[in-house]
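To be precise, the following lines are run-v1.pdb, and they hold PDB, C-alpha atoms.
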ATOM      1  CA  MET I 298      58.748   0.587  12.222
ATOM      2  CA  VAL I 299      60.780   3.193  14.090
ATOM      3  CA  THR I 300      60.469   6.077  11.686
ATOM      4  CA  ALA I 301      59.754   6.985   8.069
ATOM      5  CA  GLU I 302      62.662   6.935   5.636
ATOM      6  CA  GLN I 303      61.050   7.879   2.361
ATOM      7  CA  PRO I 304      60.757  11.659   2.960
ATOM      8  CA  LEU I 305      64.568  11.878   3.035
ATOM      9  CA  ASP I 306      64.518  13.091  -0.573
ATOM     10  CA  LEU I 307      62.221  16.011   0.197
ATOM     11  CA  GLY I 308      64.334  19.109  -0.077
ATOM     12  CA  ALA I 309      67.519  17.229   0.751
ATOM     13  CA  SER I 310      69.719  19.175  -1.640
ATOM     14  CA  ALA I 311      68.542  22.520  -0.364
ATOM     15  CA  ALA I 312      68.691  21.419   3.256
ATOM     16  CA  SER I 313      72.271  20.165   3.016
ATOM     17  CA  SER I 314      73.652  23.722   3.183
ATOM     18  CA  ARG I 315      71.487  24.925   6.047
ATOM     19  CA  PRO I 316      72.517  24.777   9.703
ATOM     20  CA  THR I 317      70.446  22.585  11.999
ATOM     21  CA  ARG I 318      68.259  24.693  14.248
ATOM     22  CA  PRO I 319      67.179  23.868  17.828
ATOM     23  CA  ARG I 320      63.608  23.652  16.515
ATOM     24  CA  ASP I 321      64.611  20.885  14.116
ATOM     25  CA  LEU I 322      66.321  18.908  16.868
ATOM     26  CA  ALA I 323      63.282  19.338  19.112
ATOM     27  CA  LEU I 324      60.963  18.056  16.362
ATOM     28  CA  MET I 325      63.177  15.028  15.664
ATOM     29  CA  LEU I 326      63.357  14.110  19.343
ATOM     30  CA  THR I 327      59.601  14.625  19.666
ATOM     31  CA  ALA I 328      58.991  12.281  16.738
ATOM     32  CA  ALA I 329      61.321   9.642  18.183
ATOM     33  CA  SER I 330      59.788   9.953  21.653
ATOM     34  CA  SER I 331      56.292   9.690  20.184
ATOM     35  CA  THR I 332      57.254   6.548  18.264
ATOM     36  CA  GLN I 333      58.618   4.730  21.301
ATOM     37  CA  THR I 334      55.838   5.930  23.589
ATOM     38  CA  GLY I 335      53.294   4.593  21.115
ATOM     39  CA  ALA I 336      55.080   1.244  20.928
ATOM     40  CA  ALA I 337      55.142   0.994  24.728
ATOM     41  CA  LEU I 338      51.439   1.812  25.014
ATOM     42  CA  GLY I 339      50.645  -0.724  22.315
ATOM     43  CA  ALA I 340      52.433  -3.395  24.351
ATOM     44  CA  HIS I 341      49.744  -3.004  27.039
ATOM     45  CA  ALA I 342      47.270  -4.518  24.569
ATOM     46  CA  PHE I 343      49.391  -7.600  23.826
ATOM     47  CA  PRO I 344      47.803  -9.798  26.554
ATOM     48  CA  VAL I 345      44.333  -9.210  25.075
ATOM     49  CA  ILE I 346      44.704  -8.901  21.291
ATOM     50  CA  GLY I 347      48.337  -9.954  20.769
ATOM     51  CA  PRO I 348      50.999  -8.249  18.640
ATOM     52  CA  ALA I 349      49.063  -9.031  15.431
ATOM     53  CA  GLY I 350      45.994  -7.182  16.729
ATOM     54  CA  VAL I 351      48.036  -4.118  17.671
ATOM     55  CA  VAL I 352      49.755  -4.136  14.275
ATOM     56  CA  ALA I 353      46.383  -4.421  12.519
ATOM     57  CA  VAL I 354      45.035  -1.326  14.278
ATOM     58  CA  ARG I 355      48.298   0.552  13.807
ATOM     59  CA  GLN I 356      48.321  -0.162  10.065
ATOM     60  CA  LEU I 357      44.718   0.990   9.787
ATOM     61  CA  VAL I 358      45.514   4.282  11.551
ATOM     62  CA  ALA I 359      48.634   4.833   9.432
ATOM     63  CA  ALA I 360      46.732   4.103   6.224
ATOM     64  CA  THR I 361      43.988   6.562   7.146
ATOM     65  CA  VAL I 362      46.525   9.334   7.775
ATOM     66  CA  LEU I 363      48.686   8.660   4.707
ATOM     67  CA  LEU I 364      45.743   8.320   2.313
ATOM     68  CA  ALA I 365      44.405  11.669   3.483
ATOM     69  CA  VAL I 366      47.811  13.280   2.889
ATOM     70  CA  ALA I 367      48.856  11.601  -0.364
ATOM     71  CA  ARG I 368      45.511  10.963  -2.126
ATOM     72  CA  PRO I 369      47.049   8.508  -4.620
ATOM     73  CA  ASP I 370      45.278   7.651  -7.871
ATOM     74  CA  VAL I 371      45.870   3.893  -8.131
ATOM     75  CA  ARG I 372      44.160   3.730 -11.538
ATOM     76  CA  ARG I 373      47.120   5.514 -13.133
ATOM     77  CA  LEU I 374      49.830   3.281 -11.717
ATOM     78  CA  ARG I 375      51.984   1.386 -14.212
ATOM     79  CA  LEU I 376      53.568  -2.035 -13.746
ATOM     80  CA  GLY I 377      56.926  -0.454 -12.972
ATOM     81  CA  GLN I 378      55.270   1.416 -10.112
ATOM     82  CA  TRP I 379      53.122  -1.461  -8.855
ATOM     83  CA  TRP I 380      55.763  -4.148  -8.286
ATOM     84  CA  PRO I 381      58.048  -2.171  -5.913
ATOM     85  CA  THR I 382      54.960  -0.879  -4.107
ATOM     86  CA  LEU I 383      53.695  -4.431  -3.572
ATOM     87  CA  LEU I 384      57.128  -5.497  -2.326
ATOM     88  CA  LEU I 385      57.016  -2.573   0.084
ATOM     89  CA  THR I 386      53.583  -3.772   1.215
ATOM     90  CA  ALA I 387      55.012  -7.180   2.145
ATOM     91  CA  VAL I 388      57.898  -5.533   3.977
ATOM     92  CA  PHE I 389      55.487  -3.346   5.963
ATOM     93  CA  ALA I 390      53.397  -6.344   6.979
ATOM     94  CA  VAL I 391      56.340  -8.481   8.122
ATOM     95  CA  MET I 392      58.418  -5.680   9.665
ATOM     96  CA  ASN I 393      55.760  -4.367  12.022
ATOM     97  CA  LEU I 394      54.580  -7.810  13.097
ATOM     98  CA  SER I 395      58.093  -9.136  13.716
ATOM     99  CA  LEU I 396      59.035  -6.023  15.706
ATOM    100  CA  TYR I 397      55.951  -6.148  17.939
ATOM    101  CA  ALA I 398      56.306  -9.899  18.419
ATOM    102  CA  ALA I 399      59.928  -9.269  19.462
ATOM    103  CA  VAL I 400      58.802  -6.543  21.870
ATOM    104  CA  ASP I 401      56.360  -9.039  23.393
ATOM    105  CA  ARG I 402      59.157 -11.576  24.009
ATOM    106  CA  ILE I 403      62.344  -9.598  24.796
ATOM    107  CA  GLY I 404      61.142  -6.118  25.663
ATOM    108  CA  LEU I 405      60.940  -2.799  23.873
ATOM    109  CA  ALA I 406      64.530  -1.592  24.220
ATOM    110  CA  LEU I 407      66.178  -4.814  23.020
ATOM    111  CA  ALA I 408      63.754  -5.245  20.127
ATOM    112  CA  VAL I 409      64.204  -1.664  18.905
ATOM    113  CA  THR I 410      67.995  -1.854  19.260
ATOM    114  CA  LEU I 411      68.123  -5.037  17.204
ATOM    115  CA  GLU I 412      65.801  -3.523  14.584
ATOM    116  CA  PHE I 413      68.118  -0.512  14.482
ATOM    117  CA  LEU I 414      70.749  -2.763  12.893
ATOM    118  CA  GLY I 415      68.748  -2.502   9.655
ATOM    119  CA  PRO I 416      69.531   1.126   8.757
ATOM    120  CA  LEU I 417      73.027   0.738  10.226
ATOM    121  CA  GLY I 418      73.613  -2.210   7.917
ATOM    122  CA  VAL I 419      72.439  -0.199   4.905
ATOM    123  CA  ALA I 420      74.791   2.649   5.806
ATOM    124  CA  LEU I 421      77.736   0.267   6.269
ATOM    125  CA  ALA I 422      76.969  -1.632   3.063
ATOM    126  CA  GLY I 423      77.406   1.549   1.073
ATOM    127  CA  SER I 424      80.883   2.161   2.479
ATOM    128  CA  ARG I 425      84.222   0.745   1.410
ATOM    129  CA  THR I 426      86.534   2.467   3.914
ATOM    130  CA  PRO I 427      88.607   0.451   6.425
ATOM    131  CA  HIS I 428      87.337   2.298   9.469
ATOM    132  CA  HIS I 429      83.754   1.423   8.522
ATOM    133  CA  LEU I 430      84.787  -2.233   8.559
ATOM    134  CA  LEU I 431      85.958  -1.686  12.129
ATOM    135  CA  THR I 432      82.636  -0.005  12.850
ATOM    136  CA  ALA I 433      80.782  -3.050  11.524
ATOM    137  CA  LEU I 434      82.858  -5.338  13.744
ATOM    138  CA  ALA I 435      82.133  -3.080  16.715
ATOM    139  CA  ALA I 436      78.404  -3.241  15.968
ATOM    140  CA  GLY I 437      78.614  -7.048  15.841
ATOM    141  CA  ALA I 438      80.372  -7.057  19.201
ATOM    142  CA  GLY I 439      77.669  -4.738  20.507
ATOM    143  CA  VAL I 440      74.978  -7.223  19.472
ATOM    144  CA  TYR I 441      76.804 -10.029  21.275
ATOM    145  CA  VAL I 442      77.135  -7.975  24.464
ATOM    146  CA  LEU I 443      73.517  -6.858  24.158
ATOM    147  CA  VAL I 444      72.196 -10.415  23.938
ATOM    148  CA  LEU I 445      74.913 -12.381  25.807
ATOM    149  CA  PRO I 446      73.706 -15.723  24.371
ATOM    150  CA  GLY I 447      73.099 -18.373  27.007
ATOM    151  CA  PRO I 448      70.671 -21.095  28.117
ATOM    152  CA  THR I 449      68.073 -18.529  29.209
ATOM    153  CA  SER I 450      68.248 -16.375  26.089
ATOM    154  CA  ASP I 451      65.056 -15.952  24.089
ATOM    155  CA  TYR I 452      66.492 -16.817  20.697
ATOM    156  CA  LEU I 453      63.112 -16.602  18.999
ATOM    157  CA  GLY I 454      62.660 -13.065  20.289
ATOM    158  CA  VAL I 455      66.176 -12.133  19.140
ATOM    159  CA  GLY I 456      65.495 -13.712  15.758
ATOM    160  CA  LEU I 457      62.288 -11.701  15.388
ATOM    161  CA  GLY I 458      64.198  -8.523  16.207
ATOM    162  CA  LEU I 459      66.805  -9.357  13.557
ATOM    163  CA  LEU I 460      64.022 -10.152  11.078
ATOM    164  CA  ALA I 461      62.606  -6.684  11.750
ATOM    165  CA  ALA I 462      66.099  -5.268  11.119
ATOM    166  CA  GLY I 463      66.308  -7.026   7.770
ATOM    167  CA  CYS I 464      62.863  -5.752   6.851
ATOM    168  CA  TRP I 465      63.820  -2.198   7.810
ATOM    169  CA  ALA I 466      66.882  -2.419   5.562
ATOM    170  CA  ALA I 467      64.670  -3.632   2.703
ATOM    171  CA  TYR I 468      62.180  -0.875   3.552
ATOM    172  CA  ILE I 469      64.854   1.806   3.125
ATOM    173  CA  LEU I 470      66.036   0.454  -0.212
ATOM    174  CA  LEU I 471      62.518  -0.092  -1.553
ATOM    175  CA  ASN I 472      61.396   3.343  -0.409
ATOM    176  CA  ARG I 473      64.172   4.903  -2.461
ATOM    177  CA  LEU I 474      62.911   3.037  -5.522
ATOM    178  CA  VAL I 475      59.239   3.743  -4.844
ATOM    179  CA  GLY I 476      60.018   7.393  -4.070
ATOM    180  CA  ALA I 477      61.741   7.726  -7.435
ATOM    181  CA  ARG I 478      58.741   6.295  -9.304
ATOM    182  CA  LEU I 479      55.863   7.822  -7.359
ATOM    183  CA  PRO I 480      55.610  11.438  -6.146
ATOM    184  CA  GLY I 481      55.573  12.354  -2.478
ATOM    185  CA  VAL I 482      54.451   9.602  -0.118
ATOM    186  CA  GLN I 483      51.940   8.037  -2.520
ATOM    187  CA  GLY I 484      53.838   4.737  -2.644
ATOM    188  CA  THR I 485      54.031   4.564   1.147
ATOM    189  CA  ALA I 486      50.323   5.370   1.423
ATOM    190  CA  ILE I 487      49.342   2.635  -1.044
ATOM    191  CA  ALA I 488      51.634   0.045   0.551
ATOM    192  CA  THR I 489      50.371   0.840   4.049
ATOM    193  CA  SER I 490      46.757   0.676   2.901
ATOM    194  CA  ILE I 491      47.138  -2.717   1.220
ATOM    195  CA  SER I 492      48.946  -4.012   4.317
ATOM    196  CA  ALA I 493      46.075  -2.724   6.467
ATOM    197  CA  LEU I 494      43.574  -4.563   4.259
ATOM    198  CA  GLY I 495      45.589  -7.749   4.746
ATOM    199  CA  TYR I 496      45.273  -7.380   8.513
ATOM    200  CA  LEU I 497      41.502  -6.786   8.470
ATOM    201  CA  PRO I 498      40.728 -10.530   9.033
ATOM    202  CA  VAL I 499      42.690 -10.280  12.294
ATOM    203  CA  LEU I 500      40.420  -7.475  13.472
ATOM    204  CA  VAL I 501      37.316  -9.419  12.405
ATOM    205  CA  VAL I 502      38.400 -12.506  14.376
ATOM    206  CA  LEU I 503      39.193 -10.384  17.445
ATOM    207  CA  ALA I 504      35.846  -8.584  17.237
ATOM    208  CA  VAL I 505      33.835 -11.799  16.795
ATOM    209  CA  SER I 506      35.627 -13.465  19.704
ATOM    210  CA  GLY I 507      35.002 -10.460  21.948
ATOM    211  CA  ARG I 508      38.696  -9.777  22.511
ATOM    212  CA  LEU I 509      38.641  -6.328  20.913
ATOM    213  CA  THR I 510      37.819  -4.604  24.201
ATOM    214  CA  PRO I 511      37.644  -0.803  24.505
ATOM    215  CA  ALA I 512      40.837  -0.725  26.587
ATOM    216  CA  ALA I 513      42.810  -2.885  24.159
ATOM    217  CA  LEU I 514      41.483  -0.919  21.195
ATOM    218  CA  GLY I 515      42.410   2.334  22.919
ATOM    219  CA  PHE I 516      46.008   1.218  23.495
ATOM    220  CA  ALA I 517      46.275   0.005  19.901
ATOM    221  CA  VAL I 518      44.885   3.262  18.489
ATOM    222  CA  ALA I 519      47.341   5.176  20.690
ATOM    223  CA  ALA I 520      50.133   3.062  19.215
ATOM    224  CA  GLY I 521      48.957   3.791  15.686
ATOM    225  CA  THR I 522      48.635   7.514  16.330
ATOM    226  CA  LEU I 523      51.850   8.062  18.278
ATOM    227  CA  ALA I 524      54.020   5.551  16.399
ATOM    228  CA  SER I 525      52.751   6.315  12.888
ATOM    229  CA  ALA I 526      50.706   9.487  12.387
ATOM    230  CA  VAL I 527      52.712  11.858  14.579
ATOM    231  CA  PRO I 528      56.217  10.763  13.414
ATOM    232  CA  TYR I 529      55.146  10.810   9.745
ATOM    233  CA  ALA I 530      53.947  14.402  10.058
ATOM    234  CA  LEU I 531      56.964  15.634  12.034
ATOM    235  CA  ASP I 532      59.479  13.866   9.793
ATOM    236  CA  LEU I 533      57.914  15.433   6.714
ATOM    237  CA  ILE I 534      58.379  18.868   8.295
ATOM    238  CA  VAL I 535      61.924  18.323   9.538
ATOM    239  CA  LEU I 536      63.326  16.604   6.457
ATOM    240  CA  ARG I 537      62.547  19.629   4.314
ATOM    241  CA  THR I 538      65.058  21.736   6.251
ATOM    242  CA  ILE I 539      67.858  19.430   7.464
ATOM    243  CA  PRO I 540      70.394  17.229   5.662
ATOM    244  CA  PRO I 541      69.753  13.467   5.663
ATOM    245  CA  ARG I 542      73.029  12.921   7.572
ATOM    246  CA  VAL I 543      71.735  14.888  10.563
ATOM    247  CA  PHE I 544      68.503  12.921  10.460
ATOM    248  CA  GLY I 545      70.449   9.665  10.394
ATOM    249  CA  ILE I 546      72.435  10.694  13.469
ATOM    250  CA  ALA I 547      69.257  11.753  15.269
ATOM    251  CA  MET I 548      67.805   8.287  14.639
ATOM    252  CA  SER I 549      70.401   7.002  17.118
ATOM    253  CA  ALA I 550      68.163   8.319  19.874
ATOM    254  CA  HIS I 551      65.525   5.661  19.179
ATOM    255  CA  PRO I 552      67.088   2.756  21.150
ATOM    256  CA  VAL I 553      67.755   5.044  24.124
ATOM    257  CA  LEU I 554      64.248   6.483  24.053
ATOM    258  CA  ALA I 555      62.860   2.957  23.721
ATOM    259  CA  ALA I 556      64.733   2.022  26.894
ATOM    260  CA  VAL I 557      63.285   5.045  28.695
ATOM    261  CA  ALA I 558      59.743   4.323  27.477
ATOM    262  CA  GLY I 559      60.144   0.683  28.468
ATOM    263  CA  MET I 560      61.191   1.652  31.991
ATOM    264  CA  VAL I 561      58.556   4.337  32.552
ATOM    265  CA  ILE I 562      55.529   2.773  30.829
ATOM    266  CA  LEU I 563      56.249  -0.971  30.963
ATOM    267  CA  GLY I 564      58.519  -1.250  34.002
ATOM    268  CA  GLU I 565      61.300  -2.916  31.966
ATOM    269  CA  LEU I 566      64.733  -2.530  33.548
ATOM    270  CA  LEU I 567      67.868  -3.204  31.520
ATOM    271  CA  THR I 568      70.969  -4.958  32.824
ATOM    272  CA  TRP I 569      74.467  -3.503  32.529
ATOM    273  CA  HIS I 570      75.377  -5.572  29.466
ATOM    274  CA  GLU I 571      72.216  -4.467  27.671
ATOM    275  CA  TRP I 572      73.108  -0.808  28.251
ATOM    276  CA  VAL I 573      76.675  -1.423  27.066
ATOM    277  CA  GLY I 574      75.567  -3.296  23.941
ATOM    278  CA  MET I 575      73.066  -0.580  23.112
ATOM    279  CA  ALA I 576      75.687   2.131  23.583
ATOM    280  CA  VAL I 577      78.110   0.368  21.227
ATOM    281  CA  ILE I 578      75.464  -0.046  18.503
ATOM    282  CA  VAL I 579      74.276   3.555  18.810
ATOM    283  CA  THR I 580      77.864   4.830  18.687
ATOM    284  CA  ALA I 581      78.524   2.716  15.604
ATOM    285  CA  ASN I 582      75.584   4.382  13.866
ATOM    286  CA  VAL I 583      76.718   7.886  14.784
ATOM    287  CA  VAL I 584      80.248   7.190  13.529
ATOM    288  CA  THR I 585      79.011   5.594  10.308
ATOM    289  CA  VAL I 586      76.490   8.273   9.383
ATOM    290  CA  SER I 587      78.647  11.237  10.359
ATOM    291  CA  SER I 588      81.616  10.002   8.334
ATOM    292  CA  ALA I 589      79.697   8.735   5.294
ATOM    293  CA  ARG I 590      79.732  10.662   2.016
TER     294      ARG I 590
END
Written as structure tokens, how would this file's structure read?
Amino acid sequence: MVTAEQPLDLGASAASSRPTRPRDLALMLTAASSTQTGAALGAHAFPVIGPAGVVAVRQLVAATVLLAVARPDVRRLRLGQWWPTLLLTAVFAVMNLSLYAAVDRIGLALAVTLEFLGPLGVALAGSRTPHHLLTALAAGAGVYVLVLPGPTSDYLGVGLGLLAAGCWAAYILLNRLVGARLPGVQGTAIATSISALGYLPVLVVLAVSGRLTPAALGFAVAAGTLASAVPYALDLIVLRTIPPRVFGIAMSAHPVLAAVAGMVILGELLTWHEWVGMAVIVTANVVTVSSAR
């Protein structure tokens, strides 16, 4: 998951009339940089514990942080609150695993850019204007240029990235529903915690087989802290003072920062067509969000 969407409702009406301050921009960029740095560090543990092991540790870290913040009382939940929360749990479990599996196969920048199609698709789906149709076509062309399908293309990796995009779109829509039925981030905390419990057998198998080494565990904990705990906290602060539109535009920095983190931490170098495809997709998001009502 690139960033948290559910806090968008926190103070959104009051924030919509306030100018964006340099401090807010710095916090948003810090959160995005932390997310991609954490993902890159987590990739160092893939050869030892695999993407599933990294996701298991990351979910456990995220659950610990969110439970401490939200302190949900699950005994008071009604059926109308449970079913969207459980759907969100399934989305969490699949989204994070598909993204990290895609990172393992096609690299951080490509995987994050493909996942970024999720929120872009949600923004475009809510529009009926002709120029947004052109934006959607441009984004599709950007995906083609980004991947340049051929005999050597990793179609499984691309498919996993697109699966993560679909999950992120579902995550946004479900978070709106869960946020309307549960206060604060209680729904997110419960969903993350149940997902973490589902991944506990993975950690048990890794520990019994001796693969959960201190180095691998350290990289996975770094991924959980930098890609979950830090962005959650910073997003909660920022989204109380800025309009959701500004936040949506700032999210466009994620693919670029993923490319930078991939180069610096993982030694992944992008080709010209990957840069061009990424630029087209990022531009499509900026145009869509900035012109949306």
Run through the PyMOL selection byres ((chain I and resi 348) around 12) on the given coordinates and return the selected residues as a PyMOL selection string.
chain I and resi 336-347+349-355+391-402+496+499-500+513+516-517+520
For I:Gly574, which residue among I:Leu376, I:Leu453, I:Ala406, I:Leu322 is the nearest when counting all atoms listed in the file?
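Distance minimum relative to I:Gly574 lands on I:Ala406.
Atom to atom, atom CA of I:Leu430 and atom CA of I:Met325 stand 28.6 Å apart.
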Tell me which residues the PyMOL selection byres ((chain I and resi 333) around 9) grabs here, as a ChimeraX atom specification.
/I:299,328-332,334-338,405,409,520,523-524,551-552,554-559
Assuming the chain letters and numbering stay as they are in my file, what does the PyMOL selection byres ((chain I and resi 465-482) around 8) actually select? List them as a PDB file with C-alpha atoms, in the coordinates of the input.
ATOM      1  CA  MET I 298      58.748   0.587  12.222  1.00  0.00           C
ATOM      2  CA  GLU I 302      62.662   6.935   5.636  1.00  0.00           C
ATOM      3  CA  GLN I 303      61.050   7.879   2.361  1.00  0.00           C
ATOM      4  CA  PRO I 304      60.757  11.659   2.960  1.00  0.00           C
ATOM      5  CA  LEU I 363      48.686   8.660   4.707  1.00  0.00           C
ATOM      6  CA  ALA I 367      48.856  11.601  -0.364  1.00  0.00           C
ATOM      7  CA  GLY I 377      56.926  -0.454 -12.972  1.00  0.00           C
ATOM      8  CA  GLN I 378      55.270   1.416 -10.112  1.00  0.00           C
ATOM      9  CA  PRO I 381      58.048  -2.171  -5.913  1.00  0.00           C
ATOM     10  CA  THR I 382      54.960  -0.879  -4.107  1.00  0.00           C
ATOM     11  CA  LEU I 384      57.128  -5.497  -2.326  1.00  0.00           C
ATOM     12  CA  LEU I 385      57.016  -2.573   0.084  1.00  0.00           C
ATOM     13  CA  VAL I 388      57.898  -5.533   3.977  1.00  0.00           C
ATOM     14  CA  PHE I 389      55.487  -3.346   5.963  1.00  0.00           C
ATOM     15  CA  MET I 392      58.418  -5.680   9.665  1.00  0.00           C
ATOM     16  CA  GLU I 412      65.801  -3.523  14.584  1.00  0.00           C
ATOM     17  CA  GLY I 415      68.748  -2.502   9.655  1.00  0.00           C
ATOM     18  CA  PRO I 416      69.531   1.126   8.757  1.00  0.00           C
ATOM     19  CA  GLY I 418      73.613  -2.210   7.917  1.00  0.00           C
ATOM     20  CA  VAL I 419      72.439  -0.199   4.905  1.00  0.00           C
ATOM     21  CA  ALA I 461      62.606  -6.684  11.750  1.00  0.00           C
ATOM     22  CA  ALA I 462      66.099  -5.268  11.119  1.00  0.00           C
ATOM     23  CA  GLY I 463      66.308  -7.026   7.770  1.00  0.00           C
ATOM     24  CA  CYS I 464      62.863  -5.752   6.851  1.00  0.00           C
ATOM     25  CA  GLN I 483      51.940   8.037  -2.520  1.00  0.00           C
ATOM     26  CA  GLY I 484      53.838   4.737  -2.644  1.00  0.00           C
ATOM     27  CA  THR I 485      54.031   4.564   1.147  1.00  0.00           C
ATOM     28  CA  ALA I 486      50.323   5.370   1.423  1.00  0.00           C
TER      29      ALA I 486
END
Quick one: distance from atom CA of I:Ala387 to atom CA of I:Arg508 in Å, one decimal?
26.2 Å
